[in-house]
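Structure first, commentary second.
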Amino acid sequence: MSNWKKIVLILGLGMLSTGSVQADENDALNELLEALHANGTIDEATYKAIRAVAEADDATQEDDEMSSEARTAETGRESGPDPAGSPRIDTRGKFQVTSADEEYSFRIGGRVQVDGTVFDEDIVSHGSGSEMRRARLFASGTIGGVWGYKFQYDFANSGADGIKDAYVEYKDLGPAKIRLGHFEEPFSLQNMTSSKQVNFMERGLPQVFETGRNLGVAVISGTDHWSASAGFFGTGIDNDSSGEDEGYGLSGRLTYAPVNSNGRVLHMGGSLSYRDTGGADGVRFSERPESHTTDIRLVDTGFIDADEFYRYGLEAVWVHHRLTLQGEFLSAGLDRGNRGPDADFEGYYGEIMWFLTDDRRPYSGSGGDFKAVNPKSAVGQGGVGAWQVGARLSNVDLIDAGIDGGEEDNLTLGLNWFPNRNLRFSFNYIKVLETRGGPFPGDEPDIFSLRGQLEF
Amino acid sequence: MSNWKKIVLILGLGMLSTGSVQADENDALNELLEALHANGTIDEATYKAIRAVAEADDATQEDDEMSSEARTAETGRESGPDPAGSPRIDTRGKFQVTSADEEYSFRIGGRVQVDGTVFDEDIVSHGSGSEMRRARLFASGTIGGVWGYKFQYDFANSGADGIKDAYVEYKDLGPAKIRLGHFEEPFSLQNMTSSKQVNFMERGLPQVFETGRNLGVAVISGTDHWSASAGFFGTGIDNDSSGEDEGYGLSGRLTYAPVNSNGRVLHMGGSLSYRDTGGADGVRFSERPESHTTDIRLVDTGFIDADEFYRYGLEAVWVHHRLTLQGEFLSAGLDRGNRGPDADFEGYYGEIMWFLTDDRRPYSGSGGDFKAVNPKSAVGQGGVGAWQVGARLSNVDLIDAGIDGGEEDNLTLGLNWFPNRNLRFSFNYIKVLETRGGPFPGDEPDIFSLRGQLEF
Amino acid sequence: MSNWKKIVLILGLGMLSTGSVQADENDALNELLEALHANGTIDEATYKAIRAVAEADDATQEDDEMSSEARTAETGRESGPDPAGSPRIDTRGKFQVTSADEEYSFRIGGRVQVDGTVFDEDIVSHGSGSEMRRARLFASGTIGGVWGYKFQYDFANSGADGIKDAYVEYKDLGPAKIRLGHFEEPFSLQNMTSSKQVNFMERGLPQVFETGRNLGVAVISGTDHWSASAGFFGTGIDNDSSGEDEGYGLSGRLTYAPVNSNGRVLHMGGSLSYRDTGGADGVRFSERPESHTTDIRLVDTGFIDADEFYRYGLEAVWVHHRLTLQGEFLSAGLDRGNRGPDADFEGYYGEIMWFLTDDRRPYSGSGGDFKAVNPKSAVGQGGVGAWQVGARLSNVDLIDAGIDGGEEDNLTLGLNWFPNRNLRFSFNYIKVLETRGGPFPGDEPDIFSLRGQLEF
C-alpha cells in the first residue's frame, strides 16, 4: 500500500515540476486520486494536498494561456485542453458535453413528430392524411456557470417562423434568473408544458387563448413547491415592416404545489396576460378541432378591431402515483373602446390520465410543469415501456357581444406508449360533441389520429 | 507482478464498497483490466471476476439513480456520467459519439454541393451559372441498441420542403427492421443511391420515374447477398390543406447479389410501386436534361388526369475491381379509367465507370446500393486520391396515348476525383443527343458542369 | 521505481503482441508514458522506445482496418476508435472536438442577436419594435490537416437565402489557401469583420457598397503583418431561373500592418471589385439608416440600367491599447455604356472606440480584421466584463449624373458590454444628422437601439 501511495504522490508532484504538461495528462491522475480516496486507500488530508497541487498547476497553466496575447489575438480565443480535466459526455438518451468543473456545457437535441389522421367527416371536408407535425433541432448550453442559452428551430415551419426558443439567461440573481430573447410568455399550464409532454396529441380547445412565443425579457423563479414568472414582451421574430409601432404585452404566472413528494402532487396556479395590439390588424381567436391535420377551424372570431385585450387562466392538477387529474379555465376579454362593445370569451378542459404500467409523470415544482415520462422498463431491455390511457373533455365559447366565433365541445380518448425515454407513440380518438355557431355550425366529425414521436 | 495484480483487485473491489463512486472512475480500471488481460498479465478467470464486480457496481449505481425520484422529476431524466464508461468519439472523417456499451450513439454530419455550369445552347436559353445544389445537415443516432433515428434537412430548399430523412427505426425484428417517418420509398438503384455517391453529377433521365421521399412505414431487411424492402406511404411532409384526402402508395424493392466478395459484385434487382393520386392535381412527369442549373425540362407531360398509376424498374450491376457496368430500365403506367386512354412511359440508362487509381466502389449487399468511395491514398497524406472516369447513355420516352411529353437521349462523359473520403470533385460533359417532341423539340444543348462536394 | 518501469514496458510491449487490442487501451498507456517521462521517472530513450512501439502498433492496426474490405464495403468507412488516441474536447466558450493528432476537428456553434429599437421619428414612420436580427448555426472542421470547411445558416432568413458561409478550403498551397464555395467576396474592413465583432450594432453607411457573399473561388494568404485575398465569383446561392446567363465578379483586398504587437496595431488596406451584371435587373444601391429594425432606406438609387460597375475602398486603423481609431472610404463607379452617363457614388466613416476596462480588441494580421473581445475579467468570475464606448460619423452620397439616390450623414454613439467572451450587449444612439435628396429628403430621426448577442 505505501508503495502505491508514493507513486501517486510522485505523479502528483511531478505535475507541478513541469510547466508544459497538458491538462489531459492530469485526467488519469485525478481519476486515480479520486478512486483511491473514495475507496479509502488514501486519506482525506493526503487527497486534498495532492489535489491542491494539481489544481495549482492547472491555474498556472491557465495564466500562461491568458498572457499569450499573440495567440489569442490571432484566434480571438484561447485554445488548448480544458484546464479543468476531461469533459463528461452524455450519450444515453441525449448528447451533452459538460466541462469537468460543470461551469460549461453544450447540448444538441431535437424532436420529430409524425402524424397520420383519418376523419370520419360530418358536414365539412377536413382531408385525411399524414403530416410532419414538428421537426425541431436545438442547441443549448451553459457558459461560466451563471449564463444559459437555448436556440431551437422547427423545420416544419418556414423561414423565421421556425425560430422557437432563442434566448439567453443569467441564472445568478439570488433565487431567480432573468431571460432575454424569444420564448414562451408565461401563461397557462398546457401552454407551458412542452408539446412533447402534453397528455394528448394536441392541447385542449382553450389553447385558443395561448400567448405563444415573443421577443421579450422575463424574471423566472421557483423551488420544489412554487414557481413564479413574469415578463415584458414585444411581438414575434419579425419586426413588422408596416412602419407602425409594434404591440407589446405583459404576462405572468404563479403556481403553488403544497404536495410534491412520493409520487403525489397537488398543483394550483394562475396566469394573467395583457396585450396592446399596437394598431395592428386587430385580434383573432381561432382553433382547429384538436387535430392539426385539418386546416379548418370550427371556432373562429375573424379579426376583431380592438386596442387591447387581457387573458387569464386558472389551473389545478392532482397526481396520485399512476393517476393524473388536470383541469384549466381560460378566458380572454377585449377592450374595444369606441370600436364596439367589449367582449369576453372563455374555455376549459378537464382530463384524467392513468398509467397501466407502474410509471409516473414527473413534475417540476420550480417550473410548475410536467416533464418527460421515463419508463421504468424500456423496450429492448426486457420491458414493455410505459403505457397510459386517458380522457379529456374540453370546451371553448367564442360567442359574445355580437361576435359569433362559435362554441365547441370535444371529447378525446387517448392511449400513450412510451417504449423508452426518447420515444412516444400516441393514439387519440377525438369526438366533436357539439359545434354551435361559428363558421361551420353543426360540423361534428370523429377524428382518429396516430403520432410517432422521437426526442433526442 | 503479484503486487500489480493485488492493486487491480483492490481497485476493483474498492469500487464495490462505495455506493457514491462515479462511473468515470471506472474507466481507468476497465482500461487497465482489459490491457492487463490482453497482454496476459492477468488470466481469463481473474479478469472476469473483477469485471463482474465492476459491472455489478455499475448496476447498483444505476438503480440508485432510477430511484432518485426527486432529481428525475425535476429534470425529466437521470443525469450523471454514463455508467458504462467513457464514450468513444470518432473525429476522422465524421463526428460521432458512441457509448462504451455501443447501445447509444449520436452523429452529426452534412453535405455541401456547389455547381458551376456552362451551356452551349442550341434553341432554348438555359442560363449558365452557379448553384448551391445541396446543403444538408443531419443528426442520427441509436437508442438502447434497438432503436435508430435520422433527421436531415436541406438548406438549399425552403421551409418544410427541405426536410429529407426524418424517421425512427426499430431494428430488432429478427433479421428485419421497421422504419416509420419520412424517407425514400424503396424504388430503383439510382434513386436509392445517395446523391453523394451516384456515378455522375445527376441521376440518369429515367429518374423522372422516381418515387421520392414520403411519410410512411416500411419493413427493410437484407444480408450481404440480398436486400428486400416494402412499405406503405402517404404523401410528403405537408398535409395538403385542400380538404381532399391524401393519396397513398405502396412500394417495394428486391435485390440479389450472388457475387459480392474480393472486389467483385454481381447485382440484380427489381422494384414495383403503386400510387393512388387521392383526387389531387393528377400526375406529371418532367425532367431536366441531367443538369440542375437549368429550370427547363426538355421532357414534360404536364398534369395528366389520372386516378392511379404504377411504376416498375429492373436493375443490374457488374463490378470487377476498378470496373463498374450499371444499367436500369424504368417504366410508368397510368390507369386513367374514364378520363382517357391508359398511357405507358419508359426510360433506361447504361453506364460504364473505370478507376484510374487502384480504388473500389464499395457495395452494400444488405442495402442493395453503393457507398462512399474511400480512396486508398488521400491527398495530403502522400497520395493523389481516387480518380475515376465514366460514360453514360440514357433515354426517356414520355410519348404515348396522345400525350406528347417528348423523348430525349443523352450522352454523359464524367470525371470524378475523390481527394479523400470527405471530398469529391466532378466534371460532367452532357450532350443532349436528340430531343423529339415535348415542349422544346429539337433543343440539343451541350452542357459542361463542375461540382465540388463536401461530406462531413 | 524499477518495478514501475517494468510495468510500463510490459504494458507497451503487450500492446504489440495482440492485434485485436483497441486504440482506446493505448490512451492510458500514452498518458502514463508522457506523465512518467515528464516527471523524469523514465528517461528520454526509454520513453521514445516504448512510444515507437506503441505507434507501430497503431499503424499496424490501421492497416488492418484498411484491408478489412467487407466491413468498409458495408459501411463505406472504417469505424472503430481513433488510432491516434482520445480526441480533445473544448467546452469552454465553444464546442469543438479535435483528434489527438490535430489532423481532424469538428466544431458546432452559432450566434443569436436580438434587437429592440425605438424611433424618435421625424417625417417618415419607421416603426419601433423588436427583431431577431440574426440566428445562425454553423458546423466547421478540418479534414486530414490540409482541408477545412464551414457551413453556416441564418434562421432569421428564409430558404436558401439563409445560407451564409458554405465552403471548402485547401490550406496547403505554400503560404496560401484556396477556398471554394459560398463566402464573402474580399472587400472592405467593416464588410470582412464579423457582424458579431463590428464596433457598432450595424456597419456604417458606406456598407451600401458591400460585395456580400457569392459562389466563387478565392486565394487567401497572410502573415501577422499582411493579408492578401482575391477571387472570382458568380452570383448568390440560386441560379436565377430566367434563362439568362449569370453575372460574375472579381474582388481583391490587400492589407498591411507594419505595427502589430504589444497591444498596438497600425493597419492600412485597399480593396477593388469589378462586377458584370450579366444582363440582370441592373444595379441598385440602398441602405437603411444604420438600424435594421426599419425597412425604410433613406438613400436609394432604385435600379440603374448598367452593364458593369466597379467598387474600391481604402481603410486604416490605429489601435493603441484601449483606443481604436478606424476609418474607411468606399466608392462605386458605374459604366453604363449607351444606357446613360457614367455615375460615381461614395461614402466614408470614421470611428473612435475606448475601453473603460483594461481590455483589448484582438487583431488578426493574416486576416486583416478584428476578432472577438475576450474580457480579462468575466462576470460570474469576480469581474465586470469588458466595457467600451465609442462614436462614429458616417456619410454616403448617392447623387450623381442625374441619379438622385440621396445623401445622408449619421452620428452614432455606442456602448458595448462584454460580460464574457460569449456575450455582448450593445446600446446605440443614432442621430441622422442630415438627409439631402433621395426618397425621403429631410427625414432625420433619432434612433435608440439595444442588442443582446450570444455567440457559442
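Quick note on naming: the chains in the C-alpha cells go A, B, ... in the order shown, residues restart at 1 in each chain, and ligands are numbered from 1 in order of appearance.
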Residue list for chain B near chain C as a ChimeraX atom specification, 7 Å, only C-alpha atoms:
/B:31,35,39,88-93,95,114,125-132,155-159,293-295,362-364,371-374,380
Fewer than 4 positions away in the same chain doesn't count, so skip those; otherwise give me all residues within 10 Å of stretch 225-229 of chain C, counting only C-alpha atoms, as JSON, numbers by chain.
{"C": [176, 177, 178, 185, 186, 187, 218, 219, 220, 221, 251, 252, 253, 254, 255, 256, 257, 258, 259, 260, 261, 265, 266, 267, 268, 269, 270, 271, 364, 365, 366, 367, 368, 369]}
Long-range neighbours of B:Phe355 as a JSON list (two decimals) with N, CA, C and O atoms, in the first residue's frame, 12 Å cut-off, only C-alpha atoms, 3 positions minimum in chain:
[["chain", "number", "residue", "atom", "x", "y", "z"],
["B", 199, "ASN", "N", -22.87, 7.93, -59.78],
["B", 199, "ASN", "CA", -21.64, 7.97, -60.57],
["B", 199, "ASN", "C", -21.43, 9.29, -61.29],
["B", 199, "ASN", "O", -20.30, 9.73, -61.48],
["B", 319, "VAL", "N", -19.56, -5.26, -61.01],
["B", 319, "VAL", "CA", -18.34, -4.59, -60.56],
["B", 319, "VAL", "C", -17.21, -5.60, -60.60],
["B", 319, "VAL", "O", -17.32, -6.69, -60.03],
["B", 320, "HIS", "N", -16.13, -5.25, -61.31],
["B", 320, "HIS", "CA", -14.95, -6.12, -61.33],
["B", 320, "HIS", "C", -13.75, -5.23, -61.01],
["B", 320, "HIS", "O", -13.22, -4.55, -61.89],
["B", 321, "HIS", "N", -13.36, -5.22, -59.74],
["B", 321, "HIS", "CA", -12.28, -4.36, -59.28],
["B", 321, "HIS", "C", -12.52, -2.90, -59.69],
["B", 321, "HIS", "O", -13.47, -2.30, -59.21],
["B", 322, "ARG", "N", -11.73, -2.36, -60.62],
["B", 322, "ARG", "CA", -11.86, -0.95, -60.96],
["B", 322, "ARG", "C", -13.05, -0.64, -61.85],
["B", 322, "ARG", "O", -13.43, 0.51, -62.03],
["B", 323, "LEU", "N", -13.61, -1.67, -62.45],
["B", 323, "LEU", "CA", -14.66, -1.50, -63.45],
["B", 323, "LEU", "C", -16.05, -1.61, -62.86],
["B", 323, "LEU", "O", -16.31, -2.46, -62.02],
["B", 324, "THR", "N", -16.96, -0.72, -63.29],
["B", 324, "THR", "CA", -18.38, -0.86, -62.97],
["B", 324, "THR", "C", -19.20, -0.75, -64.24],
["B", 324, "THR", "O", -19.04, 0.20, -65.01],
["B", 352, "ILE", "N", -20.76, 2.99, -67.74],
["B", 352, "ILE", "CA", -19.51, 2.26, -67.51],
["B", 352, "ILE", "C", -18.56, 3.20, -66.78],
["B", 352, "ILE", "O", -18.38, 4.36, -67.17],
["B", 358, "ASP", "N", -6.03, 2.65, -58.06],
["B", 358, "ASP", "CA", -6.39, 1.31, -57.57],
["B", 358, "ASP", "C", -7.46, 1.42, -56.48],
["B", 358, "ASP", "O", -7.22, 1.10, -55.31],
["B", 359, "ASP", "N", -8.64, 1.89, -56.86],
["B", 359, "ASP", "CA", -9.70, 2.11, -55.88],
["B", 359, "ASP", "C", -10.94, 1.30, -56.21],
["B", 359, "ASP", "O", -11.06, 0.71, -57.28],
["B", 360, "ARG", "N", -11.87, 1.29, -55.26],
["B", 360, "ARG", "CA", -13.06, 0.46, -55.36],
["B", 360, "ARG", "C", -14.30, 1.30, -55.06],
["B", 360, "ARG", "O", -14.23, 2.28, -54.33],
["B", 361, "ARG", "N", -15.43, 0.84, -55.60],
["B", 361, "ARG", "CA", -16.72, 1.42, -55.28],
["B", 361, "ARG", "C", -17.39, 0.46, -54.31],
["B", 361, "ARG", "O", -17.84, -0.62, -54.71],
["B", 373, "VAL", "N", -16.90, 6.25, -51.86],
["B", 373, "VAL", "CA", -15.55, 5.83, -52.22],
["B", 373, "VAL", "C", -14.57, 6.36, -51.16],
["B", 373, "VAL", "O", -14.63, 7.53, -50.77],
["B", 375, "PRO", "N", -10.74, 6.69, -50.85],
["B", 375, "PRO", "CA", -9.51, 6.48, -51.63],
["B", 375, "PRO", "C", -8.40, 5.83, -50.81],
["B", 375, "PRO", "O", -8.23, 6.12, -49.63],
["B", 376, "LYS", "N", -7.64, 4.97, -51.47],
["B", 376, "LYS", "CA", -6.57, 4.26, -50.76],
["B", 376, "LYS", "C", -5.47, 5.21, -50.32],
["B", 376, "LYS", "O", -4.85, 5.00, -49.29],
["B", 385, "GLY", "N", -5.39, 10.72, -54.15],
["B", 385, "GLY", "CA", -6.82, 10.44, -54.08],
["B", 385, "GLY", "C", -7.23, 9.39, -55.09],
["B", 385, "GLY", "O", -6.38, 8.74, -55.70],
["B", 386, "ALA", "N", -8.53, 9.23, -55.26],
["B", 386, "ALA", "CA", -9.06, 8.28, -56.24],
["B", 386, "ALA", "C", -9.54, 9.05, -57.46],
["B", 386, "ALA", "O", -10.15, 10.10, -57.33],
["B", 387, "TRP", "N", -9.23, 8.53, -58.64],
["B", 387, "TRP", "CA", -9.65, 9.14, -59.91],
["B", 387, "TRP", "C", -10.46, 8.14, -60.69],
["B", 387, "TRP", "O", -10.09, 6.97, -60.82],
["B", 388, "GLN", "N", -11.56, 8.62, -61.25],
["B", 388, "GLN", "CA", -12.49, 7.72, -61.93],
["B", 388, "GLN", "C", -13.03, 8.41, -63.19],
["B", 388, "GLN", "O", -13.33, 9.59, -63.16],
["B", 389, "VAL", "N", -13.14, 7.66, -64.29],
["B", 389, "VAL", "CA", -13.77, 8.19, -65.50],
["B", 389, "VAL", "C", -14.96, 7.31, -65.85],
["B", 389, "VAL", "O", -15.05, 6.16, -65.40],
["B", 390, "GLY", "N", -15.89, 7.86, -66.64],
["B", 390, "GLY", "CA", -17.05, 7.06, -66.99],
["B", 390, "GLY", "C", -17.86, 7.68, -68.10],
["B", 390, "GLY", "O", -17.64, 8.83, -68.49],
["B", 414, "GLY", "N", -17.91, 11.61, -67.79],
["B", 414, "GLY", "CA", -17.66, 12.12, -66.44],
["B", 414, "GLY", "C", -16.27, 11.82, -65.94],
["B", 414, "GLY", "O", -15.66, 10.81, -66.31],
["B", 415, "LEU", "N", -15.79, 12.72, -65.09],
["B", 415, "LEU", "CA", -14.52, 12.52, -64.39],
["B", 415, "LEU", "C", -14.77, 12.82, -62.92],
["B", 415, "LEU", "O", -15.29, 13.89, -62.58],
["B", 416, "ASN", "N", -14.43, 11.88, -62.04],
["B", 416, "ASN", "CA", -14.58, 12.09, -60.60],
["B", 416, "ASN", "C", -13.23, 12.03, -59.92],
["B", 416, "ASN", "O", -12.44, 11.13, -60.18],
["B", 417, "TRP", "N", -13.01, 13.00, -59.03],
["B", 417, "TRP", "CA", -11.79, 12.97, -58.23],
["B", 417, "TRP", "C", -12.19, 13.00, -56.76],
["B", 417, "TRP", "O", -12.91, 13.90, -56.33],
["B", 418, "PHE", "N", -11.73, 12.00, -56.02],
["B", 418, "PHE", "CA", -12.01, 11.90, -54.59],
["B", 418, "PHE", "C", -10.69, 12.12, -53.83],
["B", 418, "PHE", "O", -9.94, 11.17, -53.62]]
Could you pull out the helix (DSSP H, G or I) residues of stretch 145-241 of chain B from DSSP and send them as a ChimeraX atom specification?
/B:159-162,189-192,205-209
Just-selected residues, N, CA, C and O atoms written as a short mmCIF file (atom, residue, chain, number, x, y, z; two decimals), in the first residue's frame:
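Produced file part.cif, reproduced below:
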data_model
loop_
_atom_site.label_atom_id
_atom_site.label_comp_id
_atom_site.auth_asym_id
_atom_site.auth_seq_id
_atom_site.Cartn_x
_atom_site.Cartn_y
_atom_site.Cartn_z
N GLY B 159 -38.44 26.05 -46.29
CA GLY B 159 -39.47 25.56 -45.37
C GLY B 159 -39.47 24.06 -45.24
O GLY B 159 -38.41 23.41 -45.29
N ALA B 160 -40.66 23.49 -45.08
CA ALA B 160 -40.77 22.06 -44.82
C ALA B 160 -40.31 21.22 -46.01
O ALA B 160 -40.04 20.03 -45.85
N ASP B 161 -40.22 21.82 -47.20
CA ASP B 161 -39.70 21.08 -48.36
C ASP B 161 -38.27 20.60 -48.14
O ASP B 161 -37.82 19.66 -48.79
N GLY B 162 -37.56 21.28 -47.26
CA GLY B 162 -36.17 20.91 -47.01
C GLY B 162 -36.01 19.69 -46.13
O GLY B 162 -34.90 19.16 -46.01
N LEU B 189 -32.35 1.52 -58.28
CA LEU B 189 -30.98 1.62 -57.76
C LEU B 189 -30.48 3.05 -57.68
O LEU B 189 -29.99 3.51 -56.65
N GLN B 190 -30.61 3.82 -58.78
CA GLN B 190 -30.04 5.16 -58.76
C GLN B 190 -30.79 6.06 -57.78
O GLN B 190 -30.21 6.96 -57.17
N ASN B 191 -32.07 5.78 -57.58
CA ASN B 191 -32.88 6.53 -56.65
C ASN B 191 -32.47 6.24 -55.21
O ASN B 191 -32.45 7.14 -54.36
N MET B 192 -32.13 4.99 -54.91
CA MET B 192 -31.77 4.59 -53.56
C MET B 192 -30.31 4.91 -53.24
O MET B 192 -29.91 4.91 -52.08
N LEU B 205 -31.71 10.11 -66.92
CA LEU B 205 -33.03 10.61 -67.31
C LEU B 205 -34.21 9.82 -66.72
O LEU B 205 -35.22 10.41 -66.36
N PRO B 206 -34.12 8.47 -66.58
CA PRO B 206 -35.29 7.75 -66.05
C PRO B 206 -35.60 8.11 -64.60
O PRO B 206 -36.59 7.63 -64.04
N GLN B 207 -34.78 8.98 -64.00
CA GLN B 207 -35.09 9.49 -62.67
C GLN B 207 -36.44 10.20 -62.67
O GLN B 207 -37.03 10.44 -61.61
N VAL B 208 -36.94 10.50 -63.85
CA VAL B 208 -38.29 11.08 -63.97
C VAL B 208 -39.33 10.20 -63.28
O VAL B 208 -40.37 10.68 -62.85
N PHE B 209 -39.03 8.90 -63.14
CA PHE B 209 -39.99 7.98 -62.52
C PHE B 209 -39.73 7.77 -61.03
O PHE B 209 -40.24 6.83 -60.44
#
I need the residues in stretch 134-322 of chain C that are strand (DSSP E or B) according to DSSP; give them as number ranges by chain.
C: 134-143, 147-154, 163-173, 176-184, 213-222, 226-233, 248-261, 264-276, 283, 286-287, 299-300, 304, 308-320
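Between atom CA of C:Ile123 and atom CA of C:Ser449 lies a distance of 19.1 Å.
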